[in-house]
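A.B. asks: Supplied in structure tokens, the structure appears directly below.
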Amino acid sequence: MTMERRALVRPLDVRSAGDGPTITGYAAVFGSTADIGGQFREIIAPGAFQGTIGGDVRALIDHDSGRVIGRTTAGTLRLAEDDTGLAVEIVLPDTQDGRDLATLIERGDISGMSFGFIVTRQQWDETGDIPTRTIQAVDLREVSIVAFPAYDDTSIALRSLESARRDRRQHNFRAAANRVLARKVSIDLRTRKVGE
């Protein structure tokens, strides 16, 4: 399984708290349909993050693992699912990155979040003109504050669509082969009874 990334442009807020400047926002919104490279649509189902937000997740700048600004196990990144989606709260470090980020968000220069994940459960619906993927569960790896929120890993998501189609074809082939075998056995049994 390959890690995918999705981004969201939604207001970010910087507020002062006892721990220092804190960023709040949403990395994902439930039930919102996203266009993935014009090839399919994607919806994140409520509950998709429930099994993973208690793990060791990091907050990064622009998905750069060398620019960590928070971590769940350190208590500097807090994640929660609510009715809207994946709520994120990051206590910014007193570092150059942390101070710069607070300033850039307050000025409105940065307004996006993204998250890196591996899909662990999904459902595909290909009954419409464009297939729709509903993400039901993920293994959340990281959340990021991003300057250019974009669906930059659409090729990975497209491979996921092809994999789902291949699995469906294999399932359909096996089911058809089993039906043919059952008919042959039924005909063979009837032929044996007639010959007795």
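Just remember, in the structure tokens the first chain shown is A, the second B, etc., residues are 1-based per chain, and ligands are 1-based in the order shown.
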Please run DSSP on the backbone and report, as a PyMOL selection string, all residues within region 97-150 of chain A that come out as alpha helix (DSSP H).
C.D. replies: chain A and resi 97-107
A.B. asks: What's the 7 Å shell around Thr33 (chain A), counting only C-alpha atoms, without same-chain residues fewer than 3 positions away, as a list in words?
C.D. replies: Arg41, Glu42 and Ile43 of chain A
A.B. asks: Dump N, CA and C atoms for the selected residues as a CSV table (one decimal), in the first residue's frame?
C.D. replies:
```csv
chain,number,residue,atom,x,y,z
A,41,ARG,N,-14.2,10.6,-8.3
A,41,ARG,CA,-14.6,11.4,-7.1
A,41,ARG,C,-14.2,10.6,-5.9
A,42,GLU,N,-14.0,11.4,-4.8
A,42,GLU,CA,-13.7,10.8,-3.5
A,42,GLU,C,-14.4,11.4,-2.4
A,43,ILE,N,-14.9,10.6,-1.5
A,43,ILE,CA,-15.6,11.1,-0.3
A,43,ILE,C,-15.0,10.4,0.9
```
A.B. asks: Could you list, as an mmCIF file with N, CA and C atoms, in the first residue's frame, every residue within 6 Å of region 117-121 of chain A, counting only C-alpha atoms and ignoring same-chain residues fewer than 4 positions away?
C.D. replies:
```cif
data_model
loop_
_atom_site.group_PDB
_atom_site.id
_atom_site.type_symbol
_atom_site.label_atom_id
_atom_site.label_comp_id
_atom_site.auth_asym_id
_atom_site.auth_seq_id
_atom_site.Cartn_x
_atom_site.Cartn_y
_atom_site.Cartn_z
ATOM 1 N N MET A 3 1.350 5.487 0.332
ATOM 2 C CA MET A 3 0.786 6.639 1.017
ATOM 3 C C MET A 3 0.239 7.638 0.013
ATOM 4 N N GLU A 4 -0.943 8.153 0.298
ATOM 5 C CA GLU A 4 -1.581 9.181 -0.508
ATOM 6 C C GLU A 4 -1.654 10.458 0.303
ATOM 7 N N GLN A 136 -13.414 4.645 3.888
ATOM 8 C CA GLN A 136 -14.073 4.280 5.131
ATOM 9 C C GLN A 136 -13.124 4.186 6.315
ATOM 10 N N ALA A 137 -11.843 3.915 6.063
ATOM 11 C CA ALA A 137 -10.850 3.844 7.141
ATOM 12 C C ALA A 137 -9.470 4.086 6.561
ATOM 13 N N VAL A 138 -8.630 4.766 7.338
ATOM 14 C CA VAL A 138 -7.267 5.060 6.903
ATOM 15 C C VAL A 138 -6.287 4.799 8.037
ATOM 16 N N ASP A 139 -5.032 4.650 7.649
ATOM 17 C CA ASP A 139 -3.910 4.664 8.574
ATOM 18 C C ASP A 139 -3.290 6.046 8.393
ATOM 19 N N LEU A 140 -3.573 6.954 9.321
ATOM 20 C CA LEU A 140 -3.112 8.337 9.218
ATOM 21 C C LEU A 140 -1.641 8.412 9.592
ATOM 22 N N ARG A 141 -0.820 8.969 8.712
ATOM 23 C CA ARG A 141 0.615 9.062 8.960
ATOM 24 C C ARG A 141 1.031 10.462 9.416
#
```
A.B. asks: List as a ChimeraX atom specification the protein and nucleic acid residues near Asp109 (chain A), meaning an atom at most 9 Å away when only C-alpha atoms are counted, but skip any in the same chain fewer than 5 places from it.
C.D. replies: /A:103-104,147
A.B. asks: When distances are computed from only C-alpha atoms, which of A:Met113, A:Ile53, A:Ile135, A:Val14 shows the smallest separation from Gly31 (chain A)?
C.D. replies: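 That would be A:Ile135, the residue with the smallest distance to Gly31 (chain A).
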A.B. asks: So which bits of region 32-151 of chain A end up strand (DSSP E or B) when you DSSP the backbone, as a tab-separated table (two decimals) with C-alpha atoms, in the first residue's frame?
C.D. replies:
```tsv
chain	number	residue	atom	x	y	z
A	34	ALA	CA	-13.41	15.85	-4.17
A	35	ASP	CA	-12.46	15.52	-7.82
A	36	ILE	CA	-9.31	13.39	-8.12
A	40	PHE	CA	-12.93	9.78	-10.14
A	41	ARG	CA	-14.57	11.40	-7.15
A	42	GLU	CA	-13.67	10.76	-3.54
A	43	ILE	CA	-15.60	11.09	-0.30
A	44	ILE	CA	-14.27	10.60	3.22
A	58	ARG	CA	3.25	13.98	13.26
A	59	ALA	CA	2.45	17.51	12.12
A	60	LEU	CA	4.73	18.75	9.36
A	61	ILE	CA	5.26	21.74	7.12
A	64	ASP	CA	8.60	17.62	4.88
A	65	SER	CA	9.64	15.08	7.54
A	66	GLY	CA	12.58	17.34	8.40
A	67	ARG	CA	10.18	20.10	9.50
A	68	VAL	CA	8.23	18.58	12.38
A	69	ILE	CA	6.02	21.07	14.26
A	70	GLY	CA	4.01	18.67	16.42
A	71	ARG	CA	3.47	15.06	17.41
A	77	LEU	CA	-0.52	17.64	18.13
A	78	ARG	CA	-4.11	16.87	19.07
A	79	LEU	CA	-6.48	15.16	16.66
A	80	ALA	CA	-10.21	14.53	16.99
A	81	GLU	CA	-13.08	13.46	14.81
A	85	GLY	CA	-14.18	16.02	9.95
A	86	LEU	CA	-10.64	15.62	11.24
A	87	ALA	CA	-10.02	18.51	13.64
A	88	VAL	CA	-6.38	19.42	14.19
A	89	GLU	CA	-4.74	21.44	16.94
A	90	ILE	CA	-0.98	22.05	16.83
A	91	VAL	CA	0.94	23.77	19.63
A	112	GLY	CA	-4.35	25.03	3.76
A	113	MET	CA	-3.90	21.71	5.47
A	114	SER	CA	-3.20	18.30	4.08
A	115	PHE	CA	-2.88	14.80	5.42
A	116	GLY	CA	-0.84	11.76	4.44
A	117	PHE	CA	-2.55	8.39	4.76
A	118	ILE	CA	-2.84	4.81	3.61
A	119	VAL	CA	-6.34	3.57	2.84
A	120	THR	CA	-7.25	0.48	4.85
A	121	ARG	CA	-10.93	0.20	3.87
A	122	GLN	CA	-12.73	1.67	0.87
A	123	GLN	CA	-15.75	1.18	-1.34
A	124	TRP	CA	-16.03	1.94	-5.04
A	125	ASP	CA	-19.22	2.87	-6.89
A	132	THR	CA	-16.77	7.40	-6.71
A	133	ARG	CA	-14.46	6.14	-4.00
A	134	THR	CA	-15.66	6.30	-0.40
A	135	ILE	CA	-12.79	6.11	2.07
A	136	GLN	CA	-14.07	4.28	5.13
A	137	ALA	CA	-10.85	3.84	7.14
A	138	VAL	CA	-7.27	5.06	6.90
A	139	ASP	CA	-3.91	4.66	8.57
A	140	LEU	CA	-3.11	8.34	9.22
A	141	ARG	CA	0.62	9.06	8.96
A	142	GLU	CA	0.85	12.85	9.12
A	143	VAL	CA	-0.95	16.17	8.85
A	144	SER	CA	0.70	19.15	7.21
A	145	ILE	CA	0.31	22.88	6.99
A	146	VAL	CA	0.74	23.57	3.26
```
A.B. asks: Quick one: distance from CA of Ser32 (chain A) to CA of Leu92 (chain A) in Å, one decimal?
C.D. replies: 28.4 Å
A.B. asks: Enter the distance from CA of Thr72 (chain A) to CA of Gly55 (chain A), in Å, rounded to one decimal.
C.D. replies: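 Between CA of Thr72 (chain A) and CA of Gly55 (chain A) the gap is 7.3 Å.
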A.B. asks: Would you compute the distance between CA of Ile105 (chain A) and CA of Gly75 (chain A)? Give it in Å to one decimal.
C.D. replies: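 So the two atoms, CA of Ile105 (chain A) and CA of Gly75 (chain A), lie 21.6 Å apart.
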